[in-house]
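Structure, as structure tokens:
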Amino acid sequence: MLIVDGHCDTIQVALDKGLNIEDESLSFNLKQAIERAPIIQTTAAFINPTYKHSFKRACDIISHYEKQLEKYPDILIQVKTKQDIETVQKENKIGLLLSIENGRAIEDKLENINYFSNKGVKLMSITWNEDNLLGCGAHTKQDNGLTEFGKEYIKKLNENNIIVDVSHSSEKTFWDAVKISQKPVVATHSSCYSLCNHPRNLKDEQIKEIAKNNGIIGVCYCTEFLSEDGKASTKEIAKHIAHIANLVGVNYVGLGSDFDGLDEEEIPTDLQNIGQIDNLINALKEIGFNTNEIENIMGKNWARVLEKNL
């Protein structure tokens with residue numbers, strides 16, 4: 001079964017801790033992942049707003065990403081094209097798709113998008129939780145949506161065939177982005193507001209809009225997004241997946257783990273790493289999803305969206 005995950009912070013954490021991605025202290029690690037291959041894992045260059053030199057920070061993370069590709073050439077494939085997705089499946093390998101979390105990575109230069117595109121970046125978000133030069137984040141105190149610079153950012157991503165990621169965006173930023181983008185937008189790691197009232201989650205109308213435009217929502221494993229008491233397991237992840245499937249159809253929902261981007265108390269009790277992914281498959285079976293639907297959720301839906309937009 002192909003597994004495709006829309007978001008993790010593994011490379012950034014590995015860089016900061018001086019690790020390679022085979023290290024089993026990482027939630028996404030090659031030793032466990034290779035046992036479940038084929039897998040396509042989107043791995044983000046996350047730009048914390050505390051970094052003053054955002055572009056350099058992104059470049060440092062990308063450099064570590066490239067070192068991993070060089071270190072494990074027999075296991076890893078950088079996913080940049082439809083053909084790469086096919087190769088991952090045919091050769092039973094691990095595909096790494098490069099993304100950027102927080103558009104502040106470009107600083108004030110739209111041409112930096114060209115640089116990231118040349119490095120193989122295929123997904124970029126607009127904000128993190130904070131407001132930036134592009135627009136307002138999920139934790140904004142005054143939601144003004146996209147700035148004029150942010151609107152040009154969306155257009156530039158479209159020109160470079162970089163998929164727009166609306167996770168972490170404020171509600172108005174979301175609606176501005178889907179209005180401007182000429183291509184489908186995705187939410188790489190978000191969950192459902194109607195099941196858990198959290199500003200990082202998507203409201204039903206947002207979920208419908210993403211599906212209407214042939215995008216996808218990767219359900220995030222963060223317990224704070226899954227349950228209002230902050231306690232959750234794969235049962236709660238499955239409930240959020242089911243909510244999206246019931247709302248817009250099973251073809252518009254997938255995985256968005258946020259592996260290695262969660263604090264210890266935010267990690268589901270029975271899905272702490274890629275080696276425990278069968279627990280989620282079983283949770284989906286228990287609530288009535290059939291084999292074909294589970295295959296779509298676990299990977300085929302993301303693969304379809306990526307193949308059409310890379």
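Residue numbering restarts at 1 for every chain of the structure tokens, chains are lettered A, B, ... in their displayed order, and ligands are numbered from 1 as they appear.
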
Skip Leu97 in chain A itself and residues of its chain fewer than 4 positions away, then list as a ChimeraX atom specification all residues within 9 Å of it, counting only C-alpha atoms. /A:6,40-44,77-80,120-123

Rows by chain and residue number, range 221-240 of chain A within 8 Å of range 267-289 of chain A, shortest pair, only C-alpha atoms, as CSV:
residue,atom,partner,partner_atom,distance
A:Tyr221,CA,A:Pro268,CA,6.7
A:Cys222,CA,A:Ile267,CA,6.0
A:Thr223,CA,A:Pro268,CA,6.1
A:Lys231,CA,A:Pro268,CA,7.5
A:Ala232,CA,A:Pro268,CA,5.4
A:Ser233,CA,A:Pro268,CA,4.6
A:Thr234,CA,A:Leu280,CA,5.2
A:Lys235,CA,A:Ala283,CA,5.6
A:Ile237,CA,A:Leu280,CA,7.7
A:Ala238,CA,A:Leu284,CA,5.6

Take the residues from that selection and write them out as a PDB file, in the first residue's frame, keeping N, CA and C atoms.
ATOM      1  N   TYR A 221      -1.962  15.005  12.874  1.00  0.00           N
ATOM      2  CA  TYR A 221      -2.042  14.119  14.036  1.00  0.00           C
ATOM      3  C   TYR A 221      -1.960  14.862  15.369  1.00  0.00           C
ATOM      4  N   CYS A 222      -1.781  16.173  15.338  1.00  0.00           N
ATOM      5  CA  CYS A 222      -1.622  16.943  16.580  1.00  0.00           C
ATOM      6  C   CYS A 222      -2.865  16.790  17.461  1.00  0.00           C
ATOM      7  N   THR A 223      -2.680  16.328  18.692  1.00  0.00           N
ATOM      8  CA  THR A 223      -3.823  16.033  19.559  1.00  0.00           C
ATOM      9  C   THR A 223      -4.654  17.276  19.869  1.00  0.00           C
ATOM     10  N   LYS A 231      -6.362  15.247  24.201  1.00  0.00           N
ATOM     11  CA  LYS A 231      -5.996  13.832  24.287  1.00  0.00           C
ATOM     12  C   LYS A 231      -6.587  13.106  23.086  1.00  0.00           C
ATOM     13  N   ALA A 232      -5.758  12.356  22.386  1.00  0.00           N
ATOM     14  CA  ALA A 232      -6.259  11.711  21.168  1.00  0.00           C
ATOM     15  C   ALA A 232      -5.395  10.530  20.779  1.00  0.00           C
ATOM     16  N   SER A 233      -6.007   9.630  20.026  1.00  0.00           N
ATOM     17  CA  SER A 233      -5.327   8.463  19.462  1.00  0.00           C
ATOM     18  C   SER A 233      -5.711   8.369  17.993  1.00  0.00           C
ATOM     19  N   THR A 234      -5.385   7.256  17.368  1.00  0.00           N
ATOM     20  CA  THR A 234      -5.757   7.071  15.969  1.00  0.00           C
ATOM     21  C   THR A 234      -7.277   7.072  15.773  1.00  0.00           C
ATOM     22  N   LYS A 235      -8.032   6.780  16.804  1.00  0.00           N
ATOM     23  CA  LYS A 235      -9.496   6.818  16.694  1.00  0.00           C
ATOM     24  C   LYS A 235      -9.967   8.226  16.361  1.00  0.00           C
ATOM     25  N   ILE A 237      -8.066  10.606  14.917  1.00  0.00           N
ATOM     26  CA  ILE A 237      -7.600  10.914  13.553  1.00  0.00           C
ATOM     27  C   ILE A 237      -8.602  10.361  12.546  1.00  0.00           C
ATOM     28  N   ALA A 238      -9.032   9.120  12.770  1.00  0.00           N
ATOM     29  CA  ALA A 238      -9.992   8.477  11.868  1.00  0.00           C
ATOM     30  C   ALA A 238     -11.314   9.234  11.828  1.00  0.00           C
TER      31      ALA A 238
END

Option closest in space to Ile11 in chain A, from A:Glu228, A:Glu24, A:Asp165, A:Glu66 [counting only C-alpha atoms]: A:Glu66

Please indicate the distance in Å from CA of Ser25 in chain A to CA of Leu255 in chain A, rounded to one decimal place. 21.1 Å

Any chance you could tabulate, as CSV, the residues of range 218-259 of chain A at most 8 Å from range 196-203 of chain A with each one's nearest atom pair and distance in Å to one decimal, using only C-alpha atoms, in chain and rising number order?
residue,atom,partner,partner_atom,distance
A:Glu224,CA,A:His198,CA,7.7
A:Phe225,CA,A:Cys196,CA,6.1
A:Leu226,CA,A:Cys196,CA,5.9
A:Ser227,CA,A:Cys196,CA,5.5
A:Glu228,CA,A:Cys196,CA,5.6

Which is closest to Gly249 in chain A among A:Gln12, A:Thr291, A:Asn296, A:Thr188, if we use only C-alpha atoms?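 When distances to Gly249 in chain A are compared using only C-alpha atoms, the smallest one comes from A:Asn296.
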
Using only C-alpha atoms, determine which residues lie at most 7 Å from Phe259 in chain A, disregarding the query and same-chain residues fewer than 6 positions distant; provide the list as a PDB file with N, CA and C atoms, in the first residue's frame.
ATOM      1  N   CYS A   8       5.886  16.811   7.289  1.00  0.00           N
ATOM      2  CA  CYS A   8       6.634  16.519   8.515  1.00  0.00           C
ATOM      3  C   CYS A   8       7.763  17.543   8.638  1.00  0.00           C
ATOM      4  N   ASP A   9       8.333  17.619   9.831  1.00  0.00           N
ATOM      5  CA  ASP A   9       9.437  18.553  10.110  1.00  0.00           C
ATOM      6  C   ASP A   9      10.751  17.817  10.341  1.00  0.00           C
ATOM      7  N   THR A  10      10.852  16.613   9.847  1.00  0.00           N
ATOM      8  CA  THR A  10      11.971  15.733  10.167  1.00  0.00           C
ATOM      9  C   THR A  10      13.321  16.306   9.775  1.00  0.00           C
ATOM     10  N   SER A  27      10.490  10.655  14.533  1.00  0.00           N
ATOM     11  CA  SER A  27       9.196  10.004  14.288  1.00  0.00           C
ATOM     12  C   SER A  27       9.109   9.453  12.870  1.00  0.00           C
ATOM     13  N   PHE A  28       9.655  10.210  11.922  1.00  0.00           N
ATOM     14  CA  PHE A  28       9.808   9.653  10.578  1.00  0.00           C
ATOM     15  C   PHE A  28      11.277   9.305  10.410  1.00  0.00           C
TER      16      PHE A  28
END

Using only C-alpha atoms, can you tell me which of A:Lys179, A:His7, A:Lys52, A:His168 comes closest to Ser99 in chain A?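 Answer, going by the shortest atom-to-atom distance: A:His7.
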
Using only C-alpha atoms, which residues sit within 9 Å of Val178 in chain A once same-chain residues fewer than 2 positions away are excluded, as an MDAnalysis selection string? chainID A and resid 164 166 173:176 180:185 209:210 213

Please produce an output containing C-alpha atoms for each residue in the selection, written as a PDB file, in the first residue's frame.
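Saved result, selection.pdb, follows:
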ATOM      1  CA  VAL A 164      -0.097  26.591  -2.456  1.00  0.00           C
ATOM      2  CA  VAL A 166      -3.093  26.995   3.210  1.00  0.00           C
ATOM      3  CA  THR A 173      -5.941  34.624   4.031  1.00  0.00           C
ATOM      4  CA  PHE A 174      -7.365  31.238   3.030  1.00  0.00           C
ATOM      5  CA  TRP A 175     -10.234  32.778   1.052  1.00  0.00           C
ATOM      6  CA  ASP A 176      -7.977  35.350  -0.586  1.00  0.00           C
ATOM      7  CA  ILE A 180      -6.302  34.285  -6.556  1.00  0.00           C
ATOM      8  CA  SER A 181      -4.741  30.885  -7.198  1.00  0.00           C
ATOM      9  CA  GLN A 182      -5.306  29.533 -10.687  1.00  0.00           C
ATOM     10  CA  LYS A 183      -4.435  26.053  -9.459  1.00  0.00           C
ATOM     11  CA  PRO A 184      -5.727  23.811  -6.656  1.00  0.00           C
ATOM     12  CA  VAL A 185      -4.667  24.650  -3.124  1.00  0.00           C
ATOM     13  CA  GLU A 209     -13.763  24.824  -1.276  1.00  0.00           C
ATOM     14  CA  ILE A 210     -10.567  22.772  -1.330  1.00  0.00           C
ATOM     15  CA  ASN A 213     -11.017  22.889  -6.661  1.00  0.00           C
TER      16      ASN A 213
END

Which of range 7-211 of chain A DSSP labels strand (DSSP E or B), written as a ChimeraX atom specification: /A:8,39-46,76-78,94-101,121-125,137,163-165,169,185-190,192,202

Export, as a compact mmCIF listing (two decimals), in the first residue's frame, the selected residues with C-alpha atoms.
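Result file follows (part-v9.txt):
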# COMPACT_ATOMS: atom_id res chain seq x y z
CA CYS A 8 6.63 16.52 8.51
CA ILE A 39 6.27 5.92 0.94
CA ILE A 40 6.27 9.50 -0.26
CA GLN A 41 6.97 11.85 2.63
CA THR A 42 6.67 15.60 2.22
CA THR A 43 9.36 17.11 4.39
CA ALA A 44 9.31 20.80 5.20
CA ALA A 45 11.87 23.49 5.64
CA PHE A 46 10.05 25.09 8.59
CA LEU A 76 15.71 7.77 -1.21
CA ILE A 77 14.34 9.50 -4.29
CA GLN A 78 13.65 13.21 -4.50
CA ILE A 94 11.10 6.23 -0.04
CA GLY A 95 10.33 9.43 -1.91
CA LEU A 96 11.05 12.77 -0.25
CA LEU A 97 9.12 15.78 -1.55
CA LEU A 98 10.51 19.14 -0.46
CA SER A 99 8.23 21.85 0.91
CA ILE A 100 8.58 25.16 2.74
CA GLU A 101 6.51 25.94 5.80
CA VAL A 121 10.48 22.74 -3.72
CA LYS A 122 6.97 21.65 -4.72
CA LEU A 123 4.81 23.00 -1.88
CA MET A 124 4.93 26.32 -0.03
CA SER A 125 2.69 27.73 2.65
CA GLY A 137 -1.69 33.51 10.18
CA ILE A 163 1.42 24.06 -4.87
CA VAL A 164 -0.10 26.59 -2.46
CA ASP A 165 -0.45 25.23 1.09
CA SER A 169 -3.31 30.56 7.30
CA VAL A 185 -4.67 24.65 -3.12
CA VAL A 186 -4.04 22.06 -0.42
CA ALA A 187 -3.96 21.97 3.36
CA THR A 188 -0.96 19.79 4.11
CA HIS A 189 -1.62 19.36 7.84
CA SER A 190 -4.95 20.59 9.18
CA CYS A 192 -11.67 19.79 11.24
CA LEU A 202 -10.55 24.15 8.75

Which neighbours of Ser170 in chain A fall inside 9 Å, counting only C-alpha atoms, when residues of the same chain fewer than 6 positions from it are skipped, and could you give them as a list of chain:residue names?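 Listed by chain and then number, they are A:Thr127, A:Asn129, A:Asp131, A:Gly135, A:Cys136, A:Gly137, A:Ala138, A:His139, A:Thr140, A:Asp143, A:Asn144, A:Gly145, A:Pro199, A:Arg200.
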
Residue selection dump (N, CA and C atoms) as a PDB file, in the first residue's frame:
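Saved the output as part.pdb:
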ATOM      1  N   THR A 127       1.876  31.515   5.508  1.00  0.00           N
ATOM      2  CA  THR A 127       2.315  31.974   6.823  1.00  0.00           C
ATOM      3  C   THR A 127       2.575  30.757   7.704  1.00  0.00           C
ATOM      4  N   ASN A 129       1.842  30.501  12.087  1.00  0.00           N
ATOM      5  CA  ASN A 129       0.698  30.993  12.858  1.00  0.00           C
ATOM      6  C   ASN A 129       0.656  32.512  12.958  1.00  0.00           C
ATOM      7  N   ASP A 131       1.409  36.645  11.656  1.00  0.00           N
ATOM      8  CA  ASP A 131       1.287  37.484  10.474  1.00  0.00           C
ATOM      9  C   ASP A 131       2.690  37.730   9.917  1.00  0.00           C
ATOM     10  N   GLY A 135       0.736  37.823   4.597  1.00  0.00           N
ATOM     11  CA  GLY A 135      -0.655  37.781   5.060  1.00  0.00           C
ATOM     12  C   GLY A 135      -0.752  37.426   6.527  1.00  0.00           C
ATOM     13  N   CYS A 136      -1.942  37.030   6.922  1.00  0.00           N
ATOM     14  CA  CYS A 136      -2.229  36.762   8.327  1.00  0.00           C
ATOM     15  C   CYS A 136      -2.253  35.261   8.602  1.00  0.00           C
ATOM     16  N   GLY A 137      -1.746  34.906   9.776  1.00  0.00           N
ATOM     17  CA  GLY A 137      -1.692  33.509  10.184  1.00  0.00           C
ATOM     18  C   GLY A 137      -2.873  33.119  11.040  1.00  0.00           C
ATOM     19  N   ALA A 138      -2.926  31.833  11.379  1.00  0.00           N
ATOM     20  CA  ALA A 138      -4.066  31.277  12.107  1.00  0.00           C
ATOM     21  C   ALA A 138      -4.282  31.928  13.464  1.00  0.00           C
ATOM     22  N   HIS A 139      -3.228  32.457  14.075  1.00  0.00           N
ATOM     23  CA  HIS A 139      -3.342  33.068  15.395  1.00  0.00           C
ATOM     24  C   HIS A 139      -3.376  34.590  15.325  1.00  0.00           C
ATOM     25  N   THR A 140      -3.736  35.129  14.175  1.00  0.00           N
ATOM     26  CA  THR A 140      -3.768  36.583  14.013  1.00  0.00           C
ATOM     27  C   THR A 140      -4.761  37.240  14.973  1.00  0.00           C
ATOM     28  N   ASP A 143      -7.628  39.920  11.352  1.00  0.00           N
ATOM     29  CA  ASP A 143      -7.517  39.176  10.105  1.00  0.00           C
ATOM     30  C   ASP A 143      -7.759  40.066   8.890  1.00  0.00           C
ATOM     31  N   ASN A 144      -6.663  40.508   8.296  1.00  0.00           N
ATOM     32  CA  ASN A 144      -6.736  41.335   7.090  1.00  0.00           C
ATOM     33  C   ASN A 144      -6.477  40.530   5.822  1.00  0.00           C
ATOM     34  N   GLY A 145      -6.230  39.225   5.971  1.00  0.00           N
ATOM     35  CA  GLY A 145      -6.007  38.392   4.797  1.00  0.00           C
ATOM     36  C   GLY A 145      -4.654  38.623   4.162  1.00  0.00           C
ATOM     37  N   PRO A 199      -8.137  27.296  16.162  1.00  0.00           N
ATOM     38  CA  PRO A 199      -7.912  28.207  15.021  1.00  0.00           C
ATOM     39  C   PRO A 199      -7.082  27.617  13.888  1.00  0.00           C
ATOM     40  N   ARG A 200      -6.360  26.536  14.152  1.00  0.00           N
ATOM     41  CA  ARG A 200      -5.585  25.895  13.085  1.00  0.00           C
ATOM     42  C   ARG A 200      -6.423  24.950  12.221  1.00  0.00           C
TER      43      ARG A 200
END

Which value, in Å to one decimal, gives the distance between CA of Ile241 in chain A and CA of Ile3 in chain A?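 Atom-to-atom, CA of Ile241 in chain A and CA of Ile3 in chain A are spaced 15.2 Å apart.
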
Could you tell me how far CA of Glu148 in chain A lies from CA of Asp204 in chain A, in Å and to one decimal?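 According to the coordinates, CA of Glu148 in chain A and CA of Asp204 in chain A are separated by 27.0 Å.
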
Give me the residues within 12 Å of Glu111 in chain A as a list in words, counting only C-alpha atoms and dropping any in the same chain fewer than 2 places off.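 These residues fall inside the cut-off: Phe55, Ala105, Ile106, Glu107, Asp108, Lys109, Ile113, Asn114, Tyr115, Phe116, Ser117, Asn118, Glu152, Tyr153, Lys156, Leu157, Glu159 and Asn160 of chain A.
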
Using N, CA and C atoms, can you export the residues from the last selection as a PDB file, in the first residue's frame?
ATOM      1  N   PHE A  55      15.660  33.367   4.756  1.00  0.00           N
ATOM      2  CA  PHE A  55      16.115  32.725   3.523  1.00  0.00           C
ATOM      3  C   PHE A  55      17.306  31.806   3.802  1.00  0.00           C
ATOM      4  N   ALA A 105      10.153  32.617   4.275  1.00  0.00           N
ATOM      5  CA  ALA A 105      11.434  32.111   3.767  1.00  0.00           C
ATOM      6  C   ALA A 105      11.952  32.938   2.593  1.00  0.00           C
ATOM      7  N   ILE A 106      11.053  33.564   1.837  1.00  0.00           N
ATOM      8  CA  ILE A 106      11.508  34.351   0.682  1.00  0.00           C
ATOM      9  C   ILE A 106      11.954  35.752   1.091  1.00  0.00           C
ATOM     10  N   GLU A 107      11.753  36.099   2.375  1.00  0.00           N
ATOM     11  CA  GLU A 107      12.005  37.441   2.880  1.00  0.00           C
ATOM     12  C   GLU A 107      11.181  38.428   2.039  1.00  0.00           C
ATOM     13  N   ASP A 108      11.788  39.442   1.440  1.00  0.00           N
ATOM     14  CA  ASP A 108      10.999  40.410   0.673  1.00  0.00           C
ATOM     15  C   ASP A 108      11.274  40.318  -0.823  1.00  0.00           C
ATOM     16  N   LYS A 109      11.710  39.126  -1.265  1.00  0.00           N
ATOM     17  CA  LYS A 109      12.123  38.972  -2.660  1.00  0.00           C
ATOM     18  C   LYS A 109      11.353  37.836  -3.329  1.00  0.00           C
ATOM     19  N   ILE A 113      11.574  32.682  -4.844  1.00  0.00           N
ATOM     20  CA  ILE A 113      10.720  31.543  -5.195  1.00  0.00           C
ATOM     21  C   ILE A 113      11.353  30.764  -6.348  1.00  0.00           C
ATOM     22  N   ASN A 114      11.957  31.471  -7.289  1.00  0.00           N
ATOM     23  CA  ASN A 114      12.637  30.800  -8.401  1.00  0.00           C
ATOM     24  C   ASN A 114      13.766  29.919  -7.887  1.00  0.00           C
ATOM     25  N   TYR A 115      14.507  30.428  -6.914  1.00  0.00           N
ATOM     26  CA  TYR A 115      15.608  29.658  -6.328  1.00  0.00           C
ATOM     27  C   TYR A 115      15.081  28.375  -5.700  1.00  0.00           C
ATOM     28  N   PHE A 116      14.015  28.499  -4.897  1.00  0.00           N
ATOM     29  CA  PHE A 116      13.451  27.318  -4.242  1.00  0.00           C
ATOM     30  C   PHE A 116      12.897  26.331  -5.265  1.00  0.00           C
ATOM     31  N   SER A 117      12.285  26.859  -6.305  1.00  0.00           N
ATOM     32  CA  SER A 117      11.760  25.998  -7.360  1.00  0.00           C
ATOM     33  C   SER A 117      12.879  25.189  -8.003  1.00  0.00           C
ATOM     34  N   ASN A 118      14.004  25.832  -8.251  1.00  0.00           N
ATOM     35  CA  ASN A 118      15.151  25.145  -8.851  1.00  0.00           C
ATOM     36  C   ASN A 118      15.730  24.076  -7.933  1.00  0.00           C
ATOM     37  N   GLU A 152       0.829  38.678  -4.932  1.00  0.00           N
ATOM     38  CA  GLU A 152       1.843  38.420  -5.953  1.00  0.00           C
ATOM     39  C   GLU A 152       2.575  37.106  -5.674  1.00  0.00           C
ATOM     40  N   TYR A 153       2.741  36.790  -4.405  1.00  0.00           N
ATOM     41  CA  TYR A 153       3.360  35.532  -3.983  1.00  0.00           C
ATOM     42  C   TYR A 153       2.573  34.335  -4.509  1.00  0.00           C
ATOM     43  N   LYS A 156       3.099  33.971  -8.171  1.00  0.00           N
ATOM     44  CA  LYS A 156       4.450  33.499  -8.470  1.00  0.00           C
ATOM     45  C   LYS A 156       4.573  31.997  -8.190  1.00  0.00           C
ATOM     46  N   LEU A 157       3.923  31.516  -7.135  1.00  0.00           N
ATOM     47  CA  LEU A 157       3.922  30.080  -6.884  1.00  0.00           C
ATOM     48  C   LEU A 157       3.259  29.339  -8.036  1.00  0.00           C
ATOM     49  N   GLU A 159       3.076  30.261 -11.128  1.00  0.00           N
ATOM     50  CA  GLU A 159       3.979  30.305 -12.284  1.00  0.00           C
ATOM     51  C   GLU A 159       5.068  29.244 -12.201  1.00  0.00           C
ATOM     52  N   ASN A 160       5.486  28.936 -10.987  1.00  0.00           N
ATOM     53  CA  ASN A 160       6.571  27.980 -10.772  1.00  0.00           C
ATOM     54  C   ASN A 160       6.083  26.554 -10.517  1.00  0.00           C
TER      55      ASN A 160
END

With only C-alpha atoms as the counted atoms, please give the residues lying no more than 9 Å from Asn301 in chain A, apart from itself and same-chain residues fewer than 6 positions off, as a list in words.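 Here the answer would be Val4, Ile216, Val250, Asn251, Tyr252, Val253, Gly254 and Glu295 of chain A.
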
Output for the residues just chosen: N, CA and C atoms as a PDB file, in the first residue's frame:
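See out-v9.pdb below for the written result:
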ATOM      1  N   VAL A   4       1.385   8.205   1.422  1.00  0.00           N
ATOM      2  CA  VAL A   4       1.832   9.560   1.094  1.00  0.00           C
ATOM      3  C   VAL A   4       1.403  10.489   2.224  1.00  0.00           C
ATOM      4  N   ILE A 216      -6.692  18.844  -1.632  1.00  0.00           N
ATOM      5  CA  ILE A 216      -6.741  17.774  -0.640  1.00  0.00           C
ATOM      6  C   ILE A 216      -6.415  18.337   0.737  1.00  0.00           C
ATOM      7  N   VAL A 250     -14.468  10.764  -0.202  1.00  0.00           N
ATOM      8  CA  VAL A 250     -13.232  10.168   0.304  1.00  0.00           C
ATOM      9  C   VAL A 250     -12.007  10.531  -0.528  1.00  0.00           C
ATOM     10  N   ASN A 251     -12.207  11.106  -1.715  1.00  0.00           N
ATOM     11  CA  ASN A 251     -11.079  11.394  -2.604  1.00  0.00           C
ATOM     12  C   ASN A 251     -10.315  12.666  -2.252  1.00  0.00           C
ATOM     13  N   TYR A 252     -10.765  13.399  -1.241  1.00  0.00           N
ATOM     14  CA  TYR A 252     -10.161  14.698  -0.943  1.00  0.00           C
ATOM     15  C   TYR A 252      -9.521  14.759   0.435  1.00  0.00           C
ATOM     16  N   VAL A 253      -9.252  13.605   1.006  1.00  0.00           N
ATOM     17  CA  VAL A 253      -8.641  13.557   2.333  1.00  0.00           C
ATOM     18  C   VAL A 253      -7.462  12.602   2.327  1.00  0.00           C
ATOM     19  N   GLY A 254      -6.426  12.962   3.069  1.00  0.00           N
ATOM     20  CA  GLY A 254      -5.236  12.132   3.180  1.00  0.00           C
ATOM     21  C   GLY A 254      -4.542  12.373   4.501  1.00  0.00           C
ATOM     22  N   GLU A 295      -6.876   2.704   0.916  1.00  0.00           N
ATOM     23  CA  GLU A 295      -5.739   2.929   0.016  1.00  0.00           C
ATOM     24  C   GLU A 295      -5.741   4.358  -0.513  1.00  0.00           C
TER      25      GLU A 295
END
